[in-house]
>>> print(open('data-v1.txt').read())   # compact mmCIF, C-alpha atoms
# COMPACT_ATOMS: atom_id res chain seq x y z
CA MET A 25 -46.14 -16.52 -30.70
CA LYS A 26 -49.15 -14.51 -29.53
CA ILE A 27 -49.11 -13.56 -25.84
CA ASN A 28 -52.30 -13.95 -23.83
CA ILE A 29 -52.56 -10.53 -22.15
CA ASN A 30 -55.19 -11.66 -19.65
CA LYS A 31 -53.02 -14.50 -18.39
CA VAL A 32 -50.03 -12.18 -18.08
CA ASN A 33 -51.97 -9.62 -16.06
CA ASN A 34 -53.51 -12.30 -13.84
CA PHE A 35 -49.97 -13.31 -12.95
CA LEU A 36 -48.91 -9.68 -12.40
CA VAL A 37 -51.78 -9.03 -9.98
CA ALA A 38 -50.97 -12.27 -8.14
CA LEU A 39 -47.28 -11.37 -7.97
CA ALA A 40 -48.09 -7.87 -6.66
CA LEU A 41 -50.24 -9.32 -3.86
CA ALA A 42 -47.67 -12.00 -2.99
CA SER A 43 -44.65 -9.71 -3.38
CA ASN A 44 -43.98 -9.33 0.36
CA TYR A 45 -43.68 -13.06 0.87
CA VAL A 46 -41.76 -13.60 -2.37
CA SER A 47 -39.15 -11.00 -1.42
CA ILE A 48 -38.90 -12.38 2.15
CA CYS A 49 -38.22 -15.91 0.89
CA ILE A 50 -35.74 -14.79 -1.76
CA TYR A 51 -33.86 -12.73 0.82
CA ALA A 52 -33.75 -15.65 3.27
CA ILE A 53 -32.41 -17.99 0.57
CA THR A 54 -30.01 -15.68 -1.29
CA GLY A 55 -29.51 -12.62 0.92
CA ILE A 56 -30.60 -10.41 -2.00
CA THR A 57 -33.31 -7.76 -1.59
CA THR A 58 -35.67 -8.04 -4.56
CA TYR A 59 -38.78 -6.13 -3.48
CA THR A 60 -38.12 -3.04 -5.60
CA ILE A 61 -37.05 -5.21 -8.55
CA ILE A 62 -40.37 -7.09 -8.38
CA ALA A 63 -42.25 -3.78 -8.24
CA PHE A 64 -40.54 -2.40 -11.36
CA PHE A 65 -41.08 -5.71 -13.17
CA VAL A 66 -44.82 -5.63 -12.46
CA PHE A 67 -45.09 -1.98 -13.51
CA VAL A 68 -43.09 -2.26 -16.74
CA ILE A 69 -44.92 -5.38 -17.96
CA SER A 70 -48.35 -3.92 -17.08
CA ILE A 71 -47.49 -0.78 -19.08
CA ILE A 72 -46.31 -2.83 -22.07
CA ILE A 73 -49.39 -5.06 -22.31
CA ARG A 74 -52.10 -2.43 -21.84
CA ASP A 75 -53.85 -0.78 -24.77
CA GLU A 76 -54.47 2.65 -23.27
CA ILE A 77 -53.75 4.73 -20.18
CA ASN A 78 -56.71 5.55 -17.93
CA LYS A 79 -56.45 9.31 -17.32
CA GLN A 80 -58.68 9.12 -14.25
CA ILE A 81 -56.23 6.79 -12.51
CA VAL A 82 -53.34 9.11 -13.36
CA TYR A 83 -55.23 11.98 -11.70
CA ILE A 84 -55.92 9.94 -8.56
CA ILE A 85 -52.26 8.91 -8.22
CA PHE A 86 -51.18 12.52 -8.73
CA ILE A 87 -53.58 13.91 -6.11
CA SER A 88 -52.70 11.23 -3.55
CA SER A 89 -48.99 12.01 -4.04
CA LEU A 90 -49.39 15.67 -3.07
CA LEU A 91 -48.98 15.02 0.67
CA PRO A 92 -45.68 13.07 0.48
CA VAL A 93 -44.36 15.47 -2.17
CA PHE A 94 -45.21 18.45 0.04
CA SER A 95 -43.51 16.75 2.99
CA VAL A 96 -40.37 16.03 0.97
CA VAL A 97 -40.08 19.67 -0.12
CA ILE A 98 -41.02 21.40 3.13
CA LEU A 99 -40.16 18.99 5.94
CA LYS A 100 -37.32 16.63 6.85
CA GLU A 101 -35.37 13.92 5.08
CA ILE A 102 -37.38 11.00 6.50
CA GLU A 103 -40.27 11.94 4.21
CA CYS A 104 -38.12 11.19 1.16
CA ILE A 105 -38.14 7.55 2.22
CA ILE A 106 -41.92 7.66 2.68
CA PHE A 107 -42.35 9.12 -0.81
CA LEU A 108 -40.20 6.38 -2.33
CA GLU A 109 -42.31 3.78 -0.53
CA TYR A 110 -45.47 5.40 -1.88
CA PHE A 111 -43.98 5.50 -5.37
CA ILE A 112 -43.22 1.76 -5.27
CA GLN A 113 -46.51 0.68 -3.68
CA SER A 114 -49.05 2.92 -5.41
CA LEU A 115 -47.57 3.51 -8.84
CA LEU A 116 -45.44 0.44 -9.54
CA PHE A 117 -47.45 -2.32 -7.88
CA ALA A 118 -50.99 -0.97 -8.03
CA TRP A 119 -50.92 -0.06 -11.73
CA CYS A 120 -51.57 -3.68 -12.75
CA ILE A 121 -55.05 -3.55 -11.16
CA THR A 122 -56.18 -1.11 -13.87
CA ILE A 123 -56.12 -3.89 -16.49
CA LYS A 124 -58.97 -6.41 -16.56
CA PHE A 125 -58.24 -9.59 -14.65
CA ASP A 126 -59.85 -12.92 -13.77
CA PHE A 127 -60.12 -13.32 -9.99
CA TYR A 128 -60.18 -17.11 -10.13
CA CYS A 129 -56.94 -17.16 -12.12
CA VAL A 130 -55.36 -14.55 -9.82
CA CYS A 131 -56.08 -16.73 -6.77
CA LYS A 132 -54.80 -19.81 -8.59
CA ASN A 133 -51.55 -18.03 -9.42
CA ILE A 134 -51.19 -16.89 -5.81
CA VAL A 135 -51.63 -20.47 -4.59
CA TYR A 136 -49.01 -21.68 -7.07
CA ILE A 137 -46.57 -18.96 -5.96
CA TYR A 138 -46.96 -19.89 -2.29
CA ILE A 139 -46.64 -23.61 -3.03
CA ILE A 140 -43.46 -22.99 -5.03
CA LEU A 141 -42.02 -21.07 -2.07
CA PHE A 142 -43.18 -23.79 0.33
CA TRP A 143 -39.78 -25.50 0.26
CA GLY A 144 -38.03 -22.19 0.85
CA MET A 145 -39.88 -21.75 4.14
CA LEU A 146 -39.12 -25.35 5.17
CA LEU A 147 -35.42 -25.15 4.37
CA HIS A 148 -34.78 -21.57 5.44
CA GLY A 149 -37.38 -21.04 8.15
CA LYS A 150 -34.77 -20.01 10.72
CA GLU A 151 -33.33 -17.31 8.46
CA ILE A 152 -36.85 -15.99 7.80
CA ASP A 153 -37.67 -16.04 11.51
CA THR A 154 -34.57 -14.06 12.48
CA GLY A 155 -34.72 -11.73 9.49
CA GLY A 156 -37.63 -9.60 10.66
CA SER A 157 -40.93 -9.38 12.49
CA LEU A 158 -42.93 -12.58 12.82
CA MET A 159 -46.09 -10.48 12.84
CA GLY A 160 -45.06 -9.10 9.46
CA LEU A 161 -44.57 -12.65 8.22
CA THR A 162 -48.13 -13.63 9.18
CA TYR A 163 -49.44 -10.75 7.06
CA ALA A 164 -47.11 -11.71 4.20
CA ILE A 165 -48.58 -15.24 4.05
CA LEU A 166 -52.16 -13.92 4.32
CA PRO A 167 -52.77 -13.70 0.52
CA GLY A 168 -51.94 -17.40 0.19
CA ILE A 169 -54.37 -18.34 2.96
CA LEU A 170 -57.22 -16.19 1.63
CA SER A 171 -56.76 -17.40 -1.94
CA SER A 172 -56.90 -21.02 -0.74
CA LEU A 173 -60.04 -20.27 1.26
CA TYR A 174 -61.66 -18.86 -1.88
CA PHE A 175 -61.34 -22.23 -3.61
CA ILE A 176 -62.79 -24.03 -0.59
CA ILE A 177 -65.80 -21.72 -0.23
CA ASN A 178 -66.51 -21.49 -3.97
CA ASN A 179 -66.32 -23.64 -7.08
CA ASN A 180 -67.80 -26.88 -5.66
CA PHE A 181 -64.59 -27.63 -3.79
CA PHE A 182 -66.02 -30.63 -1.96
CA SER A 183 -67.33 -32.35 -5.06
CA LEU A 184 -65.88 -35.74 -5.94
CA LYS A 185 -63.95 -34.30 -8.87
CA ILE A 186 -60.29 -33.91 -7.97
CA ASN A 187 -57.88 -31.51 -9.67
CA VAL A 188 -54.45 -30.02 -9.03
CA THR A 189 -55.79 -26.68 -7.79
CA LYS A 190 -57.85 -28.39 -5.06
CA ILE A 191 -54.89 -30.37 -3.77
CA LEU A 192 -52.53 -27.40 -3.85
CA SER A 193 -55.11 -25.17 -2.15
CA LEU A 194 -55.45 -27.61 0.73
CA LEU A 195 -51.68 -27.92 1.10
CA CYS A 196 -51.26 -24.15 1.00
CA LEU A 197 -54.10 -23.58 3.46
CA PHE A 198 -53.04 -26.13 6.07
CA TYR A 199 -49.35 -25.23 6.00
CA TYR A 200 -49.69 -21.46 6.10
CA ILE A 201 -52.55 -21.43 8.61
CA GLY A 202 -50.25 -23.53 10.80
CA LEU A 203 -47.62 -20.81 10.49
CA SER A 204 -50.18 -18.12 11.32
CA ILE A 205 -51.19 -19.95 14.48
CA ASN A 206 -47.56 -20.50 15.46
CA TYR A 207 -46.53 -16.88 14.79
CA PHE A 208 -49.88 -15.54 16.02
CA SER A 209 -51.00 -12.11 14.81
CA ARG A 210 -54.49 -11.15 15.92
CA GLY A 211 -54.95 -8.83 12.93
CA ALA A 212 -54.12 -11.60 10.46
CA VAL A 213 -56.43 -14.09 12.19
CA LEU A 214 -59.21 -11.47 12.29
CA ALA A 215 -58.70 -10.85 8.56
CA ILE A 216 -59.23 -14.57 7.87
CA PHE A 217 -62.55 -14.64 9.74
CA ILE A 218 -63.80 -11.42 8.15
CA TYR A 219 -62.78 -12.69 4.71
CA ILE A 220 -64.87 -15.84 5.16
CA ILE A 221 -67.89 -13.77 6.22
CA LEU A 222 -67.56 -11.31 3.33
CA ILE A 223 -67.03 -14.07 0.76
CA LEU A 224 -70.24 -15.76 1.95
CA ILE A 225 -72.09 -12.46 1.56
CA GLN A 226 -71.06 -12.33 -2.10
CA LYS A 227 -72.58 -15.71 -2.86
CA GLU A 228 -75.95 -15.78 -4.59
CA GLU A 229 -77.63 -17.48 -1.62
CA TYR A 230 -77.43 -14.18 0.28
CA ASN A 231 -78.93 -11.93 -2.37
CA LEU A 232 -81.97 -11.15 -0.21
CA SER A 233 -81.15 -8.11 1.90
CA SER A 234 -83.04 -9.43 4.94
CA LYS A 235 -80.96 -12.61 5.08
CA ARG A 236 -77.79 -10.67 4.57
CA MET A 237 -78.57 -8.18 7.32
CA ILE A 238 -79.60 -10.91 9.79
CA PHE A 239 -76.38 -12.77 9.05
CA ILE A 240 -74.23 -9.68 9.56
CA PHE A 241 -76.13 -8.73 12.72
CA LEU A 242 -75.63 -12.17 14.30
CA VAL A 243 -71.93 -12.21 13.47
CA PHE A 244 -71.58 -8.69 14.87
CA ILE A 245 -73.26 -9.73 18.14
CA LEU A 246 -71.01 -12.79 18.42
CA LEU A 247 -67.90 -10.67 17.87
CA ILE A 248 -69.03 -8.22 20.58
CA LEU A 249 -69.67 -11.06 23.04
CA PHE A 250 -66.33 -12.62 22.18
CA THR A 251 -64.58 -9.29 22.77
CA LEU A 252 -66.34 -8.65 26.10
CA TYR A 253 -65.55 -12.13 27.46
CA PHE A 254 -62.23 -12.58 25.67
CA ASN A 255 -60.14 -13.04 28.81
CA HIS A 256 -62.55 -15.57 30.32
CA ILE A 257 -62.74 -17.58 27.09
CA LEU A 258 -58.97 -17.53 26.66
CA ARG A 259 -58.29 -18.65 30.22
CA SER A 260 -60.80 -21.50 29.96
CA ILE A 261 -59.28 -22.75 26.70
CA ASN A 262 -55.77 -22.46 28.13
CA GLN A 263 -56.73 -24.48 31.22
CA ILE A 264 -58.28 -27.23 29.09
CA ILE A 265 -55.27 -27.65 26.81
CA ASN A 266 -52.81 -27.54 29.73
CA LYS A 267 -54.69 -30.33 31.50
CA ASN A 268 -54.21 -32.45 28.38
CA TYR A 269 -50.52 -31.48 28.11
CA ILE A 270 -51.02 -29.81 24.74
CA LYS A 271 -48.72 -26.92 23.85
CA VAL A 272 -50.11 -24.13 21.67
CA PRO A 273 -47.59 -21.24 21.64
CA PHE A 274 -49.93 -18.45 20.59
CA LEU A 275 -52.56 -19.40 23.23
CA ASN A 276 -49.91 -19.39 25.94
CA GLU A 277 -48.73 -15.98 24.77
CA MET A 278 -52.23 -14.54 24.65
CA TYR A 279 -53.01 -15.99 28.09
CA PHE A 280 -49.88 -14.34 29.49
CA ARG A 281 -50.93 -11.03 27.95
CA SER A 282 -54.47 -11.32 29.29
CA ILE A 283 -53.41 -11.86 32.90
CA ASN A 284 -50.88 -9.02 32.61
CA ASN A 285 -53.28 -6.71 30.74
CA THR A 286 -50.89 -6.22 27.78
CA GLN A 287 -53.13 -7.39 24.92
CA LEU A 288 -52.76 -4.09 23.06
CA ASP A 289 -48.93 -4.23 23.09
CA GLY A 290 -48.79 -0.53 23.94
CA ARG A 291 -51.12 0.48 21.12
CA ASP A 292 -53.31 2.38 23.59
CA ILE A 293 -50.31 4.65 24.21
CA TYR A 294 -49.77 5.09 20.46
CA TYR A 295 -53.44 5.98 19.99
CA ASN A 296 -53.45 8.54 22.79
CA ASN A 297 -50.25 10.15 21.48
CA SER A 298 -51.66 10.19 17.97
CA ILE A 299 -54.85 11.93 19.09
CA GLU A 300 -52.85 14.56 20.98
CA LEU A 301 -50.69 15.15 17.90
CA PHE A 302 -53.77 15.50 15.72
CA LYS A 303 -55.07 18.29 17.98
CA LYS A 304 -52.04 20.42 17.05
CA SER A 305 -53.17 20.75 13.43
CA PRO A 306 -56.62 19.18 12.90
CA ILE A 307 -57.42 20.79 9.54
CA PHE A 308 -54.26 20.36 7.48
CA GLY A 309 -52.36 17.81 9.58
CA ASN A 310 -48.70 17.65 10.58
CA GLY A 311 -47.15 16.19 7.42
CA THR A 312 -46.09 12.73 6.31
CA ALA A 313 -44.49 10.55 9.04
CA SER A 314 -45.28 13.20 11.66
CA PHE A 315 -45.75 10.53 14.34
CA ALA A 316 -42.16 9.31 13.83
CA ARG A 317 -40.84 12.86 14.21
CA TYR A 318 -42.61 13.49 17.52
CA TYR A 319 -42.41 10.05 19.14
CA SER A 320 -40.01 7.11 19.22
CA ALA A 321 -42.49 4.78 17.45
CA ASN A 322 -42.41 4.73 13.64
CA TYR A 323 -46.16 5.04 13.03
CA ASP A 324 -49.59 5.43 14.62
CA HIS A 325 -50.63 1.75 14.31
CA ASN A 326 -54.00 2.81 12.89
CA ILE A 327 -54.82 3.97 9.38
CA ILE A 328 -57.50 6.47 10.45
CA LEU A 329 -55.22 8.15 13.00
CA GLN A 330 -52.33 8.18 10.54
CA ILE A 331 -54.40 9.85 7.83
CA MET A 332 -55.76 12.43 10.29
CA ASN A 333 -52.31 13.18 11.70
CA GLU A 334 -50.52 13.53 8.40
CA GLY A 335 -53.12 15.41 6.36
CA GLY A 336 -55.84 16.48 8.79
CA ILE A 337 -59.58 16.33 8.26
CA LEU A 338 -59.25 17.22 4.55
CA ASN A 339 -56.95 14.25 3.98
CA LEU A 340 -59.28 11.98 5.95
CA ILE A 341 -62.24 12.89 3.73
CA PHE A 342 -60.27 12.10 0.58
CA TYR A 343 -59.16 8.65 1.75
CA MET A 344 -62.34 7.62 3.54
CA ILE A 345 -64.27 7.81 0.26
CA PRO A 346 -62.57 4.71 -1.25
CA ILE A 347 -62.36 2.90 2.13
CA LEU A 348 -66.03 3.28 3.07
CA GLY A 349 -67.08 3.07 -0.58
CA SER A 350 -65.34 -0.30 -0.95
CA LEU A 351 -67.00 -1.60 2.20
CA TYR A 352 -70.39 -0.41 0.93
CA ILE A 353 -69.85 -2.24 -2.37
CA ILE A 354 -68.83 -5.43 -0.55
CA ILE A 355 -71.86 -5.53 1.76
CA PHE A 356 -74.69 -3.70 -0.01
CA ASP A 357 -73.87 -2.96 -3.65
CA TYR A 358 -72.02 -6.08 -4.79
CA ASP A 359 -74.79 -7.28 -7.12
CA LYS A 360 -73.92 -4.48 -9.57
CA TYR A 361 -70.52 -6.00 -10.28
CA ASN A 362 -69.23 -9.19 -11.80
CA ASN A 363 -67.43 -11.81 -9.71
CA ASN A 364 -63.98 -10.53 -10.61
CA ILE A 365 -64.47 -7.09 -9.11
CA LYS A 366 -66.55 -7.96 -6.04
CA TYR A 367 -64.24 -10.78 -4.90
CA MET A 368 -61.17 -8.63 -5.53
CA PHE A 369 -62.68 -5.90 -3.35
CA VAL A 370 -63.07 -8.44 -0.54
CA LEU A 371 -59.52 -9.77 -0.92
CA LEU A 372 -57.87 -6.34 -1.02
CA PHE A 373 -59.98 -5.05 1.87
CA CYS A 374 -59.04 -7.96 4.13
CA ILE A 375 -55.37 -7.94 3.14
CA SER A 376 -54.86 -4.21 3.61
CA ILE A 377 -57.51 -2.41 5.68
CA ILE A 378 -57.65 -4.98 8.48
CA ARG A 379 -53.88 -4.83 8.83
CA LEU A 380 -53.75 -1.04 8.70
CA LEU A 381 -56.32 -0.79 11.49
CA PHE A 382 -53.80 -2.32 13.91
CA SER A 383 -50.33 -1.76 12.48
CA TYR A 384 -48.15 -0.89 9.49
CA ILE A 385 -48.05 2.26 7.32
CA LEU A 386 -50.42 2.96 4.45
CA TRP A 387 -47.56 4.24 2.27
CA ARG A 388 -46.00 0.74 2.34
CA GLU A 389 -49.16 -1.33 1.82
CA GLN A 390 -49.62 -2.14 -1.86
CA GLY A 391 -52.98 -3.81 -1.17
CA PHE A 392 -54.35 -0.49 0.06
CA TRP A 393 -53.30 1.39 -3.07
CA MET A 394 -54.63 -1.37 -5.28
CA LEU A 395 -57.95 -1.04 -3.42
CA VAL A 396 -57.98 2.75 -3.90
CA ILE A 397 -57.26 2.52 -7.62
CA LEU A 398 -59.73 -0.33 -8.07
CA PHE A 399 -62.46 1.74 -6.38
CA TRP A 400 -61.97 4.75 -8.65
CA ASN A 401 -61.79 2.44 -11.65
CA ARG A 402 -64.81 0.33 -10.61
CA LYS A 403 -67.34 1.48 -13.25
CA LYS A 404 -65.46 -0.44 -15.88
CA TYR A 405 -66.48 -3.64 -14.05
CA TYR A 406 -70.24 -3.06 -13.84
CA ILE A 407 -72.20 -6.15 -14.86
CA ILE A 408 -74.07 -4.11 -17.43
CA ASN A 409 -70.76 -3.33 -19.12
CA LYS A 410 -69.41 -6.88 -18.88
>>> encode(input="data-v1.txt", output="structure tokens")
Amino acid sequence: MKININKVNNFLVALALASNYVSICIYAITGITTYTIIAFFVFVISIIIRDEINKQIVYIIFISSLLPVFSVVILKEIECIIFLEYFIQSLLFAWCITIKFDFYCVCKNIVYIYIILFWGMLLHGKEIDTGGSLMGLTYAILPGILSSLYFIINNNFFSLKINVTKILSLLCLFYYIGLSINYFSRGAVLAIFIYIILILIQKEEYNLSSKRMIFIFLVFILLILFTLYFNHILRSINQIINKNYIKVPFLNEMYFRSINNTQLDGRDIYYNNSIELFKKSPIFGNGTASFARYYSANYDHNIILQIMNEGGILNLIFYMIPILGSLYIIIFDYDKYNNNIKYMFVLLFCISIIRLLFSYILWREQGFWMLVILFWNRKKYYIINK
């Protein structure tokens, strides 16, 4: 029987993006840690089905591994763990993005994966809740939410024609957005809003640069106004729902934080400490996981500060090229690429960069490494080469 390579890789990309949630659910149900097993499975299958190895991608992975390798050899034992995390996330998971994929099918597979695990969350929700950070869980379910939103925004979702994907997308969206609201993570909610905006920019209706820029400008102004008057808006909403005896856990929590001035959860302290640490070695940095060595917190809670601290200005330049380059493609240069590449850029950017701006470690975020590799491999997806 002949294997359809495209279908296999679509599933591998979907599994890589959903791997956090898959491993969380499997652990809650069975008590078995499967994250590394999933990573090796994705890597081995993607190697087997591909026709050739892209040398450029090999070079990029090698160069980006120099910092953790240097830290393992020169510095302390903690960096060995960081290198293993990088090895799993960048090499094992991200390799599948180097094979051509169909974004529609990737999103459909993600929706199916999250629907299949739907019962696991219902039956074992308590084990999942007590097994780790609820904020981490909201980011783990983010790929399912964003993939469902893609079907709603695109593909004539509201037409009279009904199919299985539409129904499953709605179920996935409503259930997991409910979880996100209940387990509130501002970064995850922000990623959802930014994803909607960026997806709309990719649509053909916004091809005129003037319309696109006006749209972005208005959204930017609204976000600034919302940020400036956040406490007032939050208190007003909280008063309205309390008068009607409605309980919304995340609004109550945010209201409590606003009146006690703790919205940043101590991140302002992390940022100040990170900047002071950066001043010690601004050119070459302080090595991988330097923040954990100097302070009690595990990481800087910001991707830019982490990159600057660990590898200095030189490291920042290397990593900002794919980050800013991806954002440029999404907003200004998307018409050079087919739908597969431009929508994947949006998905990976919202899943990884938004999260890394507020928390987590770039060495552990497979979406970030998939974005980096996709950026350096982007020319293969030009429309003219389609």
>>> closest_residue(input="data-v1.txt", among="A:Val66, A:Asn364, A:Leu166, A:Ala52", to="A:Phe217", atoms="all atoms listed in the file")
A:Leu166
>>> residues_around(input="data-v1.txt", residues="stretch 317-329 of chain A", least_positions_apart="5", cutoff="8 Å", atoms="all atoms listed in the file", output="PyMOL selection string")
chain A and resi 291+294-295+298-299+302+340+377+380-386
>>> residues_around(input="data-v1.txt", residues="A:Cys120", least_positions_apart="3", cutoff="12 Å", atoms="all atoms listed in the file", output="MDAnalysis selection string")
chainID A and resid 29:30 32:41 63:74 77:78 81 113:117 123:125 130 390:391 393:395 397:398 401
>>> write_last_selection(input="data-v1.txt", atoms="C-alpha atoms", output="mmCIF file, keeping the file's coordinate frame")
data_model
loop_
_atom_site.group_PDB
_atom_site.id
_atom_site.type_symbol
_atom_site.label_atom_id
_atom_site.label_comp_id
_atom_site.auth_asym_id
_atom_site.auth_seq_id
_atom_site.Cartn_x
_atom_site.Cartn_y
_atom_site.Cartn_z
ATOM 1 C CA ILE A 29 -52.560 -10.530 -22.150
ATOM 2 C CA ASN A 30 -55.190 -11.660 -19.650
ATOM 3 C CA VAL A 32 -50.030 -12.180 -18.080
ATOM 4 C CA ASN A 33 -51.970 -9.620 -16.060
ATOM 5 C CA ASN A 34 -53.510 -12.300 -13.840
ATOM 6 C CA PHE A 35 -49.970 -13.310 -12.950
ATOM 7 C CA LEU A 36 -48.910 -9.680 -12.400
ATOM 8 C CA VAL A 37 -51.780 -9.030 -9.980
ATOM 9 C CA ALA A 38 -50.970 -12.270 -8.140
ATOM 10 C CA LEU A 39 -47.280 -11.370 -7.970
ATOM 11 C CA ALA A 40 -48.090 -7.870 -6.660
ATOM 12 C CA LEU A 41 -50.240 -9.320 -3.860
ATOM 13 C CA ALA A 63 -42.250 -3.780 -8.240
ATOM 14 C CA PHE A 64 -40.540 -2.400 -11.360
ATOM 15 C CA PHE A 65 -41.080 -5.710 -13.170
ATOM 16 C CA VAL A 66 -44.820 -5.630 -12.460
ATOM 17 C CA PHE A 67 -45.090 -1.980 -13.510
ATOM 18 C CA VAL A 68 -43.090 -2.260 -16.740
ATOM 19 C CA ILE A 69 -44.920 -5.380 -17.960
ATOM 20 C CA SER A 70 -48.350 -3.920 -17.080
ATOM 21 C CA ILE A 71 -47.490 -0.780 -19.080
ATOM 22 C CA ILE A 72 -46.310 -2.830 -22.070
ATOM 23 C CA ILE A 73 -49.390 -5.060 -22.310
ATOM 24 C CA ARG A 74 -52.100 -2.430 -21.840
ATOM 25 C CA ILE A 77 -53.750 4.730 -20.180
ATOM 26 C CA ASN A 78 -56.710 5.550 -17.930
ATOM 27 C CA ILE A 81 -56.230 6.790 -12.510
ATOM 28 C CA GLN A 113 -46.510 0.680 -3.680
ATOM 29 C CA SER A 114 -49.050 2.920 -5.410
ATOM 30 C CA LEU A 115 -47.570 3.510 -8.840
ATOM 31 C CA LEU A 116 -45.440 0.440 -9.540
ATOM 32 C CA PHE A 117 -47.450 -2.320 -7.880
ATOM 33 C CA ILE A 123 -56.120 -3.890 -16.490
ATOM 34 C CA LYS A 124 -58.970 -6.410 -16.560
ATOM 35 C CA PHE A 125 -58.240 -9.590 -14.650
ATOM 36 C CA VAL A 130 -55.360 -14.550 -9.820
ATOM 37 C CA GLN A 390 -49.620 -2.140 -1.860
ATOM 38 C CA GLY A 391 -52.980 -3.810 -1.170
ATOM 39 C CA TRP A 393 -53.300 1.390 -3.070
ATOM 40 C CA MET A 394 -54.630 -1.370 -5.280
ATOM 41 C CA LEU A 395 -57.950 -1.040 -3.420
ATOM 42 C CA ILE A 397 -57.260 2.520 -7.620
ATOM 43 C CA LEU A 398 -59.730 -0.330 -8.070
ATOM 44 C CA ASN A 401 -61.790 2.440 -11.650
#
